[in-house]
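Q: If you scroll down you'll find the structure; I have some questions about it.
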Amino acid sequence: MAAEIVRIAEQLRRAVEGDAWHGPAVLEILQDVDAPTAVAHPLAGAHSIWEILHHLAAWNVAVIRRLGGQAVELDGADDWPPVTDTSDAAWQAAIASFRAAHQELLAKLKSMSNDELGMTVPGKNHSNSFMLYGVVQHHVYHAGQMAVLKKATEK
């Protein structure tokens, strides 16, 4: 595996699973979040933790598809899938879906060649490498939002 692929994969793993320099990773933040907390909107105009998790999962899938050669754009409900079932089971399923998409993205990344990292993303004017570093940044950005939302729901 090429050194850059190893670096990107490790940064993605840290942003999602833990041991990140910046602080808690996505799954660390979600560790003790229940469905009522996840669906809450404690800050006016902000998405909920659950909505953000759906958004992250949607983008993981979009990036996997892009790496597979498809020109993919997300907007509306594709970009921010709605929360339609607020049960505990649905919350656990949302976390499981995000984990699965994360693992699939890591596997796809680790199967890539250095040449593929330099290829242009279908429908874009940037490389796969740029997009993958962007995914890491995207996860870290939204992890921070989730942490603030979680703090805002604590009593």
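Identifiers for the structure tokens are assigned positionally: chains receive A, B, ... in sequence, residues are indexed from 1 per chain, and ligands are indexed from 1 in the order shown.
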Sorted by chain and rising residue number, list the residues of range 82-130 of chain A at most 7 Å from range 65-75 of chain A (counting only C-alpha atoms), each with its closest atom pair and distance in Å to one decimal, as a tab-separated table.

A:
```
residue	atom	partner	partner_atom	distance
A:Val121	CA	A:Arg66	CA	6.5
A:Pro122	CA	A:Ala71	CA	4.7
A:Gly123	CA	A:Ala71	CA	5.1
```

Q: Got a sec: who's within 8 Å of Ile29 in chain A, counting only C-alpha atoms, leaving out chain neighbours fewer than 6 positions off, as a PyMOL selection string?

A: chain A and resi 143+146-147

Q: Please produce a file of the residues just selected, as a CSV table (one decimal), in the first residue's frame, where the atoms kept are N, CA and C atoms.

A:
```csv
chain,number,residue,atom,x,y,z
A,143,ALA,N,-17.8,16.3,13.5
A,143,ALA,CA,-17.6,15.8,14.9
A,143,ALA,C,-17.7,16.9,15.9
A,146,MET,N,-21.3,17.9,16.4
A,146,MET,CA,-21.9,16.9,17.3
A,146,MET,C,-21.6,17.0,18.7
A,147,ALA,N,-20.3,17.3,19.0
A,147,ALA,CA,-19.9,17.5,20.4
A,147,ALA,C,-20.6,18.7,21.0
```

Q: Do you have the CA of Gln31 in chain A-CA of Ala58 in chain A distance handy?

A: 20.3 Å

Q: Leaving out Leu56 in chain A and any residue of its chain fewer than 5 positions from it, which residues lie within 12 Å of it when counting only C-alpha atoms, given as a PyMOL selection string?

A: chain A and resi 15-16+26-27+49-51+61-63+74+78-81+94-95+97-102+105+135-143+146

Q: Given the selection you just returned, output its residues as a file containing C-alpha atoms, formatted as a JSON list (two decimals), in the first residue's frame.

A:
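What landed in selection_26.json:
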```
[["chain", "number", "residue", "atom", "x", "y", "z"],
["A", 15, "ALA", "CA", -11.45, 11.08, 12.68],
["A", 16, "VAL", "CA", -14.16, 8.42, 12.94],
["A", 26, "VAL", "CA", -17.31, 10.80, 15.62],
["A", 27, "LEU", "CA", -17.91, 7.39, 17.20],
["A", 49, "ILE", "CA", -26.73, 14.86, 15.82],
["A", 50, "TRP", "CA", -28.81, 12.24, 14.00],
["A", 51, "GLU", "CA", -29.20, 14.41, 10.90],
["A", 61, "VAL", "CA", -21.40, 6.37, 0.16],
["A", 62, "ALA", "CA", -21.12, 9.20, -2.38],
["A", 63, "VAL", "CA", -17.32, 9.13, -2.15],
["A", 74, "LEU", "CA", -25.85, 15.11, -3.39],
["A", 78, "ASP", "CA", -29.79, 12.93, -0.55],
["A", 79, "ASP", "CA", -27.35, 15.31, 1.14],
["A", 80, "TRP", "CA", -29.27, 15.58, 4.41],
["A", 81, "PRO", "CA", -31.40, 12.42, 4.69],
["A", 94, "ALA", "CA", -28.21, 4.68, 11.84],
["A", 95, "ILE", "CA", -24.96, 4.22, 13.77],
["A", 97, "SER", "CA", -25.14, 2.13, 8.76],
["A", 98, "PHE", "CA", -22.56, 4.87, 9.30],
["A", 99, "ARG", "CA", -20.01, 2.34, 10.61],
["A", 100, "ALA", "CA", -20.60, 0.09, 7.61],
["A", 101, "ALA", "CA", -20.17, 2.95, 5.13],
["A", 102, "HIS", "CA", -17.00, 4.04, 6.97],
["A", 105, "LEU", "CA", -14.76, 3.53, 2.38],
["A", 135, "VAL", "CA", -13.68, 13.56, 3.71],
["A", 136, "VAL", "CA", -11.39, 13.51, 6.75],
["A", 137, "GLN", "CA", -11.85, 17.26, 7.21],
["A", 138, "HIS", "CA", -15.61, 16.90, 6.74],
["A", 139, "HIS", "CA", -15.80, 14.26, 9.48],
["A", 140, "VAL", "CA", -13.74, 16.37, 11.88],
["A", 141, "TYR", "CA", -15.86, 19.46, 11.19],
["A", 142, "HIS", "CA", -19.10, 17.60, 11.87],
["A", 143, "ALA", "CA", -17.63, 15.80, 14.90],
["A", 146, "MET", "CA", -21.93, 16.86, 17.26]]
```

Q: Identify which of the residues A:Thr153, A:Ser48, A:Gln11, A:Asn60 lies closest to Gln103 in chain A, counting only C-alpha atoms when measuring atom-to-atom distances.

A: A:Asn60

Q: Would you please extract all alpha helix (DSSP H) residues from chain A, as assigned by DSSP on the backbone, and give them as an mmCIF file with N, CA and C atoms, in the first residue's frame?

A:
```
data_model
loop_
_atom_site.group_PDB
_atom_site.id
_atom_site.type_symbol
_atom_site.label_atom_id
_atom_site.label_comp_id
_atom_site.auth_asym_id
_atom_site.auth_seq_id
_atom_site.Cartn_x
_atom_site.Cartn_y
_atom_site.Cartn_z
ATOM 1 N N ALA A 3 2.353 4.968 0.619
ATOM 2 C CA ALA A 3 2.457 5.739 1.863
ATOM 3 C C ALA A 3 1.325 6.747 2.017
ATOM 4 N N GLU A 4 0.948 7.416 0.925
ATOM 5 C CA GLU A 4 -0.131 8.409 1.041
ATOM 6 C C GLU A 4 -1.457 7.739 1.359
ATOM 7 N N ILE A 5 -1.708 6.585 0.793
ATOM 8 C CA ILE A 5 -2.943 5.849 1.098
ATOM 9 C C ILE A 5 -2.974 5.476 2.573
ATOM 10 N N VAL A 6 -1.850 5.020 3.088
ATOM 11 C CA VAL A 6 -1.759 4.676 4.513
ATOM 12 C C VAL A 6 -2.050 5.906 5.366
ATOM 13 N N ARG A 7 -1.496 7.056 4.997
ATOM 14 C CA ARG A 7 -1.721 8.298 5.763
ATOM 15 C C ARG A 7 -3.186 8.703 5.737
ATOM 16 N N ILE A 8 -3.788 8.695 4.555
ATOM 17 C CA ILE A 8 -5.199 9.097 4.454
ATOM 18 C C ILE A 8 -6.075 8.135 5.247
ATOM 19 N N ALA A 9 -5.838 6.838 5.091
ATOM 20 C CA ALA A 9 -6.638 5.833 5.801
ATOM 21 C C ALA A 9 -6.513 6.006 7.313
ATOM 22 N N GLU A 10 -5.316 6.284 7.783
ATOM 23 C CA GLU A 10 -5.116 6.461 9.223
ATOM 24 C C GLU A 10 -5.805 7.729 9.719
ATOM 25 N N GLN A 11 -5.752 8.803 8.958
ATOM 26 C CA GLN A 11 -6.438 10.033 9.361
ATOM 27 C C GLN A 11 -7.955 9.839 9.367
ATOM 28 N N LEU A 12 -8.468 9.124 8.373
ATOM 29 C CA LEU A 12 -9.899 8.842 8.329
ATOM 30 C C LEU A 12 -10.310 7.973 9.511
ATOM 31 N N ARG A 13 -9.515 6.942 9.791
ATOM 32 C CA ARG A 13 -9.810 6.067 10.922
ATOM 33 C C ARG A 13 -9.829 6.876 12.222
ATOM 34 N N ARG A 14 -8.838 7.721 12.414
ATOM 35 C CA ARG A 14 -8.765 8.524 13.645
ATOM 36 C C ARG A 14 -9.942 9.498 13.756
ATOM 37 N N ALA A 15 -10.341 10.112 12.660
ATOM 38 C CA ALA A 15 -11.449 11.076 12.681
ATOM 39 C C ALA A 15 -12.765 10.404 13.056
ATOM 40 N N VAL A 16 -12.911 9.141 12.694
ATOM 41 C CA VAL A 16 -14.160 8.422 12.942
ATOM 42 C C VAL A 16 -14.094 7.562 14.197
ATOM 43 N N GLU A 17 -13.014 6.826 14.365
ATOM 44 C CA GLU A 17 -12.952 5.808 15.412
ATOM 45 C C GLU A 17 -12.277 6.264 16.700
ATOM 46 N N VAL A 26 -15.861 10.941 15.809
ATOM 47 C CA VAL A 26 -17.306 10.797 15.625
ATOM 48 C C VAL A 26 -17.877 9.698 16.519
ATOM 49 N N LEU A 27 -17.330 8.493 16.436
ATOM 50 C CA LEU A 27 -17.909 7.387 17.203
ATOM 51 C C LEU A 27 -17.671 7.525 18.705
ATOM 52 N N GLU A 28 -16.612 8.206 19.102
ATOM 53 C CA GLU A 28 -16.403 8.470 20.528
ATOM 54 C C GLU A 28 -17.481 9.428 21.045
ATOM 55 N N ILE A 29 -17.810 10.422 20.264
ATOM 56 C CA ILE A 29 -18.855 11.370 20.660
ATOM 57 C C ILE A 29 -20.203 10.664 20.778
ATOM 58 N N LEU A 30 -20.466 9.746 19.864
ATOM 59 C CA LEU A 30 -21.762 9.060 19.838
ATOM 60 C C LEU A 30 -21.894 7.953 20.873
ATOM 61 N N ALA A 35 -31.226 7.960 21.552
ATOM 62 C CA ALA A 35 -32.078 8.453 20.464
ATOM 63 C C ALA A 35 -32.671 9.835 20.766
ATOM 64 N N PRO A 36 -33.219 10.085 21.969
ATOM 65 C CA PRO A 36 -33.773 11.419 22.229
ATOM 66 C C PRO A 36 -32.722 12.536 22.124
ATOM 67 N N THR A 37 -31.506 12.251 22.568
ATOM 68 C CA THR A 37 -30.430 13.240 22.453
ATOM 69 C C THR A 37 -30.051 13.429 20.990
ATOM 70 N N ALA A 38 -29.977 12.325 20.252
ATOM 71 C CA ALA A 38 -29.567 12.376 18.844
ATOM 72 C C ALA A 38 -30.540 13.157 17.983
ATOM 73 N N VAL A 39 -31.813 13.079 18.280
ATOM 74 C CA VAL A 39 -32.830 13.742 17.450
ATOM 75 C C VAL A 39 -33.115 15.176 17.916
ATOM 76 N N ILE A 49 -27.812 15.840 15.902
ATOM 77 C CA ILE A 49 -26.735 14.860 15.823
ATOM 78 C C ILE A 49 -27.109 13.766 14.827
ATOM 79 N N TRP A 50 -28.343 13.318 14.878
ATOM 80 C CA TRP A 50 -28.813 12.241 13.997
ATOM 81 C C TRP A 50 -28.775 12.672 12.532
ATOM 82 N N GLU A 51 -29.238 13.888 12.269
ATOM 83 C CA GLU A 51 -29.198 14.406 10.899
ATOM 84 C C GLU A 51 -27.765 14.496 10.390
ATOM 85 N N ILE A 52 -26.864 14.930 11.247
ATOM 86 C CA ILE A 52 -25.451 15.012 10.861
ATOM 87 C C ILE A 52 -24.893 13.623 10.577
ATOM 88 N N LEU A 53 -25.254 12.657 11.401
ATOM 89 C CA LEU A 53 -24.769 11.290 11.171
ATOM 90 C C LEU A 53 -25.265 10.759 9.832
ATOM 91 N N HIS A 54 -26.527 10.990 9.508
ATOM 92 C CA HIS A 54 -27.060 10.590 8.194
ATOM 93 C C HIS A 54 -26.284 11.274 7.072
ATOM 94 N N HIS A 55 -25.991 12.546 7.251
ATOM 95 C CA HIS A 55 -25.250 13.326 6.264
ATOM 96 C C HIS A 55 -23.848 12.738 6.052
ATOM 97 N N LEU A 56 -23.169 12.406 7.131
ATOM 98 C CA LEU A 56 -21.833 11.811 7.017
ATOM 99 C C LEU A 56 -21.890 10.465 6.300
ATOM 100 N N ALA A 57 -22.866 9.651 6.641
ATOM 101 C CA ALA A 57 -23.009 8.343 5.987
ATOM 102 C C ALA A 57 -23.297 8.527 4.493
ATOM 103 N N ALA A 58 -24.160 9.481 4.158
ATOM 104 C CA ALA A 58 -24.493 9.735 2.755
ATOM 105 C C ALA A 58 -23.249 10.130 1.969
ATOM 106 N N TRP A 59 -22.401 10.952 2.570
ATOM 107 C CA TRP A 59 -21.191 11.371 1.865
ATOM 108 C C TRP A 59 -20.165 10.252 1.781
ATOM 109 N N ASN A 60 -20.100 9.394 2.780
ATOM 110 C CA ASN A 60 -19.210 8.226 2.654
ATOM 111 C C ASN A 60 -19.614 7.405 1.432
ATOM 112 N N VAL A 61 -20.898 7.154 1.294
ATOM 113 C CA VAL A 61 -21.403 6.371 0.157
ATOM 114 C C VAL A 61 -21.150 7.107 -1.158
ATOM 115 N N ALA A 62 -21.359 8.414 -1.174
ATOM 116 C CA ALA A 62 -21.123 9.199 -2.384
ATOM 117 C C ALA A 62 -19.652 9.119 -2.801
ATOM 118 N N VAL A 63 -18.758 9.203 -1.842
ATOM 119 C CA VAL A 63 -17.322 9.135 -2.149
ATOM 120 C C VAL A 63 -16.957 7.739 -2.651
ATOM 121 N N ILE A 64 -17.511 6.715 -2.060
ATOM 122 C CA ILE A 64 -17.273 5.345 -2.543
ATOM 123 C C ILE A 64 -17.711 5.241 -4.003
ATOM 124 N N ARG A 65 -18.874 5.773 -4.303
ATOM 125 C CA ARG A 65 -19.383 5.739 -5.682
ATOM 126 C C ARG A 65 -18.486 6.539 -6.617
ATOM 127 N N ARG A 66 -18.020 7.699 -6.166
ATOM 128 C CA ARG A 66 -17.110 8.501 -6.981
ATOM 129 C C ARG A 66 -15.814 7.735 -7.250
ATOM 130 N N LEU A 67 -15.295 7.077 -6.224
ATOM 131 C CA LEU A 67 -14.073 6.292 -6.405
ATOM 132 C C LEU A 67 -14.295 5.126 -7.362
ATOM 133 N N ASP A 88 -35.210 3.988 19.423
ATOM 134 C CA ASP A 88 -33.861 3.551 19.797
ATOM 135 C C ASP A 88 -33.292 2.595 18.755
ATOM 136 N N ALA A 89 -34.129 1.708 18.240
ATOM 137 C CA ALA A 89 -33.670 0.746 17.230
ATOM 138 C C ALA A 89 -33.217 1.467 15.958
ATOM 139 N N ALA A 90 -33.948 2.494 15.555
ATOM 140 C CA ALA A 90 -33.576 3.254 14.364
ATOM 141 C C ALA A 90 -32.267 4.012 14.589
ATOM 142 N N TRP A 91 -32.065 4.518 15.797
ATOM 143 C CA TRP A 91 -30.814 5.211 16.127
ATOM 144 C C TRP A 91 -29.639 4.233 16.047
ATOM 145 N N GLN A 92 -29.812 3.057 16.628
ATOM 146 C CA GLN A 92 -28.740 2.050 16.559
ATOM 147 C C GLN A 92 -28.483 1.630 15.108
ATOM 148 N N ALA A 93 -29.533 1.542 14.311
ATOM 149 C CA ALA A 93 -29.382 1.200 12.890
ATOM 150 C C ALA A 93 -28.641 2.307 12.141
ATOM 151 N N ALA A 94 -28.898 3.563 12.492
ATOM 152 C CA ALA A 94 -28.210 4.684 11.845
ATOM 153 C C ALA A 94 -26.714 4.642 12.154
ATOM 154 N N ILE A 95 -26.375 4.345 13.403
ATOM 155 C CA ILE A 95 -24.960 4.221 13.770
ATOM 156 C C ILE A 95 -24.321 3.054 13.021
ATOM 157 N N ALA A 96 -25.019 1.932 12.968
ATOM 158 C CA ALA A 96 -24.496 0.751 12.261
ATOM 159 C C ALA A 96 -24.304 1.045 10.773
ATOM 160 N N SER A 97 -25.234 1.766 10.178
ATOM 161 C CA SER A 97 -25.137 2.129 8.763
ATOM 162 C C SER A 97 -23.933 3.031 8.516
ATOM 163 N N PHE A 98 -23.724 3.992 9.415
ATOM 164 C CA PHE A 98 -22.562 4.869 9.297
ATOM 165 C C PHE A 98 -21.272 4.062 9.429
ATOM 166 N N ARG A 99 -21.206 3.187 10.425
ATOM 167 C CA ARG A 99 -20.010 2.344 10.612
ATOM 168 C C ARG A 99 -19.727 1.516 9.358
ATOM 169 N N ALA A 100 -20.763 0.935 8.795
ATOM 170 C CA ALA A 100 -20.595 0.085 7.609
ATOM 171 C C ALA A 100 -20.071 0.910 6.433
ATOM 172 N N ALA A 101 -20.631 2.096 6.224
ATOM 173 C CA ALA A 101 -20.166 2.953 5.132
ATOM 174 C C ALA A 101 -18.719 3.384 5.365
ATOM 175 N N HIS A 102 -18.380 3.669 6.619
ATOM 176 C CA HIS A 102 -16.998 4.039 6.972
ATOM 177 C C HIS A 102 -16.045 2.883 6.661
ATOM 178 N N GLN A 103 -16.413 1.680 7.076
ATOM 179 C CA GLN A 103 -15.560 0.517 6.819
ATOM 180 C C GLN A 103 -15.423 0.242 5.322
ATOM 181 N N GLU A 104 -16.518 0.423 4.581
ATOM 182 C CA GLU A 104 -16.471 0.221 3.137
ATOM 183 C C GLU A 104 -15.558 1.251 2.471
ATOM 184 N N LEU A 105 -15.627 2.494 2.927
ATOM 185 C CA LEU A 105 -14.760 3.530 2.381
ATOM 186 C C LEU A 105 -13.299 3.227 2.689
ATOM 187 N N LEU A 106 -13.007 2.816 3.924
ATOM 188 C CA LEU A 106 -11.629 2.455 4.273
ATOM 189 C C LEU A 106 -11.128 1.308 3.397
ATOM 190 N N ALA A 107 -11.961 0.309 3.194
ATOM 191 C CA ALA A 107 -11.564 -0.836 2.369
ATOM 192 C C ALA A 107 -11.303 -0.398 0.930
ATOM 193 N N LYS A 108 -12.168 0.459 0.390
ATOM 194 C CA LYS A 108 -11.987 0.959 -0.972
ATOM 195 C C LYS A 108 -10.685 1.745 -1.072
ATOM 196 N N LEU A 109 -10.443 2.612 -0.110
ATOM 197 C CA LEU A 109 -9.225 3.409 -0.079
ATOM 198 C C LEU A 109 -7.987 2.510 -0.055
ATOM 199 N N LYS A 110 -8.001 1.514 0.794
ATOM 200 C CA LYS A 110 -6.838 0.629 0.943
ATOM 201 C C LYS A 110 -6.601 -0.239 -0.287
ATOM 202 N N ASN A 114 -1.544 4.214 -6.003
ATOM 203 C CA ASN A 114 -1.085 5.597 -5.969
ATOM 204 C C ASN A 114 -1.573 6.360 -7.194
ATOM 205 N N ASP A 115 -1.570 5.698 -8.353
ATOM 206 C CA ASP A 115 -2.055 6.339 -9.578
ATOM 207 C C ASP A 115 -3.514 6.760 -9.442
ATOM 208 N N GLU A 116 -4.324 5.925 -8.812
ATOM 209 C CA GLU A 116 -5.748 6.247 -8.634
ATOM 210 C C GLU A 116 -5.932 7.470 -7.744
ATOM 211 N N LEU A 117 -5.041 7.660 -6.772
ATOM 212 C CA LEU A 117 -5.139 8.844 -5.915
ATOM 213 C C LEU A 117 -5.019 10.122 -6.733
ATOM 214 N N GLY A 118 -4.208 10.090 -7.764
ATOM 215 C CA GLY A 118 -3.993 11.269 -8.590
ATOM 216 C C GLY A 118 -5.035 11.485 -9.664
ATOM 217 N N ASN A 128 -8.725 12.459 -6.586
ATOM 218 C CA ASN A 128 -9.254 11.572 -5.544
ATOM 219 C C ASN A 128 -8.568 11.846 -4.214
ATOM 220 N N SER A 129 -7.279 12.111 -4.246
ATOM 221 C CA SER A 129 -6.542 12.416 -3.019
ATOM 222 C C SER A 129 -7.127 13.646 -2.326
ATOM 223 N N PHE A 130 -7.368 14.706 -3.086
ATOM 224 C CA PHE A 130 -7.954 15.932 -2.530
ATOM 225 C C PHE A 130 -9.317 15.631 -1.906
ATOM 226 N N MET A 131 -10.120 14.835 -2.613
ATOM 227 C CA MET A 131 -11.452 14.481 -2.109
ATOM 228 C C MET A 131 -11.351 13.687 -0.809
ATOM 229 N N LEU A 132 -10.432 12.734 -0.756
ATOM 230 C CA LEU A 132 -10.316 11.885 0.434
ATOM 231 C C LEU A 132 -9.820 12.666 1.644
ATOM 232 N N TYR A 133 -8.868 13.569 1.442
ATOM 233 C CA TYR A 133 -8.476 14.437 2.557
ATOM 234 C C TYR A 133 -9.665 15.308 2.972
ATOM 235 N N GLY A 134 -10.475 15.712 2.010
ATOM 236 C CA GLY A 134 -11.683 16.479 2.312
ATOM 237 C C GLY A 134 -12.673 15.700 3.151
ATOM 238 N N VAL A 135 -12.791 14.398 2.898
ATOM 239 C CA VAL A 135 -13.683 13.556 3.712
ATOM 240 C C VAL A 135 -13.222 13.570 5.166
ATOM 241 N N VAL A 136 -11.920 13.455 5.377
ATOM 242 C CA VAL A 136 -11.385 13.511 6.746
ATOM 243 C C VAL A 136 -11.760 14.842 7.390
ATOM 244 N N GLN A 137 -11.532 15.939 6.675
ATOM 245 C CA GLN A 137 -11.852 17.265 7.206
ATOM 246 C C GLN A 137 -13.349 17.400 7.481
ATOM 247 N N HIS A 138 -14.163 16.861 6.594
ATOM 248 C CA HIS A 138 -15.611 16.897 6.736
ATOM 249 C C HIS A 138 -16.048 16.176 8.016
ATOM 250 N N HIS A 139 -15.467 15.018 8.268
ATOM 251 C CA HIS A 139 -15.797 14.265 9.478
ATOM 252 C C HIS A 139 -15.386 15.025 10.738
ATOM 253 N N VAL A 140 -14.206 15.620 10.716
ATOM 254 C CA VAL A 140 -13.736 16.369 11.882
ATOM 255 C C VAL A 140 -14.627 17.585 12.134
ATOM 256 N N TYR A 141 -14.975 18.301 11.075
ATOM 257 C CA TYR A 141 -15.864 19.463 11.190
ATOM 258 C C TYR A 141 -17.182 19.069 11.844
ATOM 259 N N HIS A 142 -17.797 18.009 11.331
ATOM 260 C CA HIS A 142 -19.096 17.601 11.871
ATOM 261 C C HIS A 142 -18.979 16.943 13.243
ATOM 262 N N ALA A 143 -17.841 16.328 13.535
ATOM 263 C CA ALA A 143 -17.626 15.801 14.896
ATOM 264 C C ALA A 143 -17.687 16.948 15.902
ATOM 265 N N GLY A 144 -17.087 18.075 15.551
ATOM 266 C CA GLY A 144 -17.141 19.246 16.427
ATOM 267 C C GLY A 144 -18.564 19.723 16.638
ATOM 268 N N GLN A 145 -19.353 19.730 15.560
ATOM 269 C CA GLN A 145 -20.756 20.121 15.699
ATOM 270 C C GLN A 145 -21.496 19.150 16.615
ATOM 271 N N MET A 146 -21.269 17.863 16.417
ATOM 272 C CA MET A 146 -21.933 16.860 17.258
ATOM 273 C C MET A 146 -21.563 17.047 18.724
ATOM 274 N N ALA A 147 -20.298 17.346 18.989
ATOM 275 C CA ALA A 147 -19.856 17.541 20.374
ATOM 276 C C ALA A 147 -20.571 18.734 21.003
ATOM 277 N N VAL A 148 -20.717 19.819 20.255
ATOM 278 C CA VAL A 148 -21.414 21.003 20.766
ATOM 279 C C VAL A 148 -22.892 20.692 21.007
ATOM 280 N N LEU A 149 -23.518 19.995 20.060
ATOM 281 C CA LEU A 149 -24.937 19.630 20.212
ATOM 282 C C LEU A 149 -25.136 18.714 21.417
ATOM 283 N N LYS A 150 -24.240 17.764 21.585
ATOM 284 C CA LYS A 150 -24.331 16.854 22.730
ATOM 285 C C LYS A 150 -24.210 17.648 24.030
ATOM 286 N N LYS A 151 -23.266 18.555 24.088
ATOM 287 C CA LYS A 151 -23.078 19.388 25.284
ATOM 288 C C LYS A 151 -24.319 20.232 25.541
ATOM 289 N N ALA A 152 -24.938 20.740 24.487
ATOM 290 C CA ALA A 152 -26.120 21.600 24.621
ATOM 291 C C ALA A 152 -27.335 20.836 25.130
ATOM 292 N N THR A 153 -27.343 19.508 24.990
ATOM 293 C CA THR A 153 -28.479 18.720 25.475
ATOM 294 C C THR A 153 -28.270 18.212 26.889
#
```
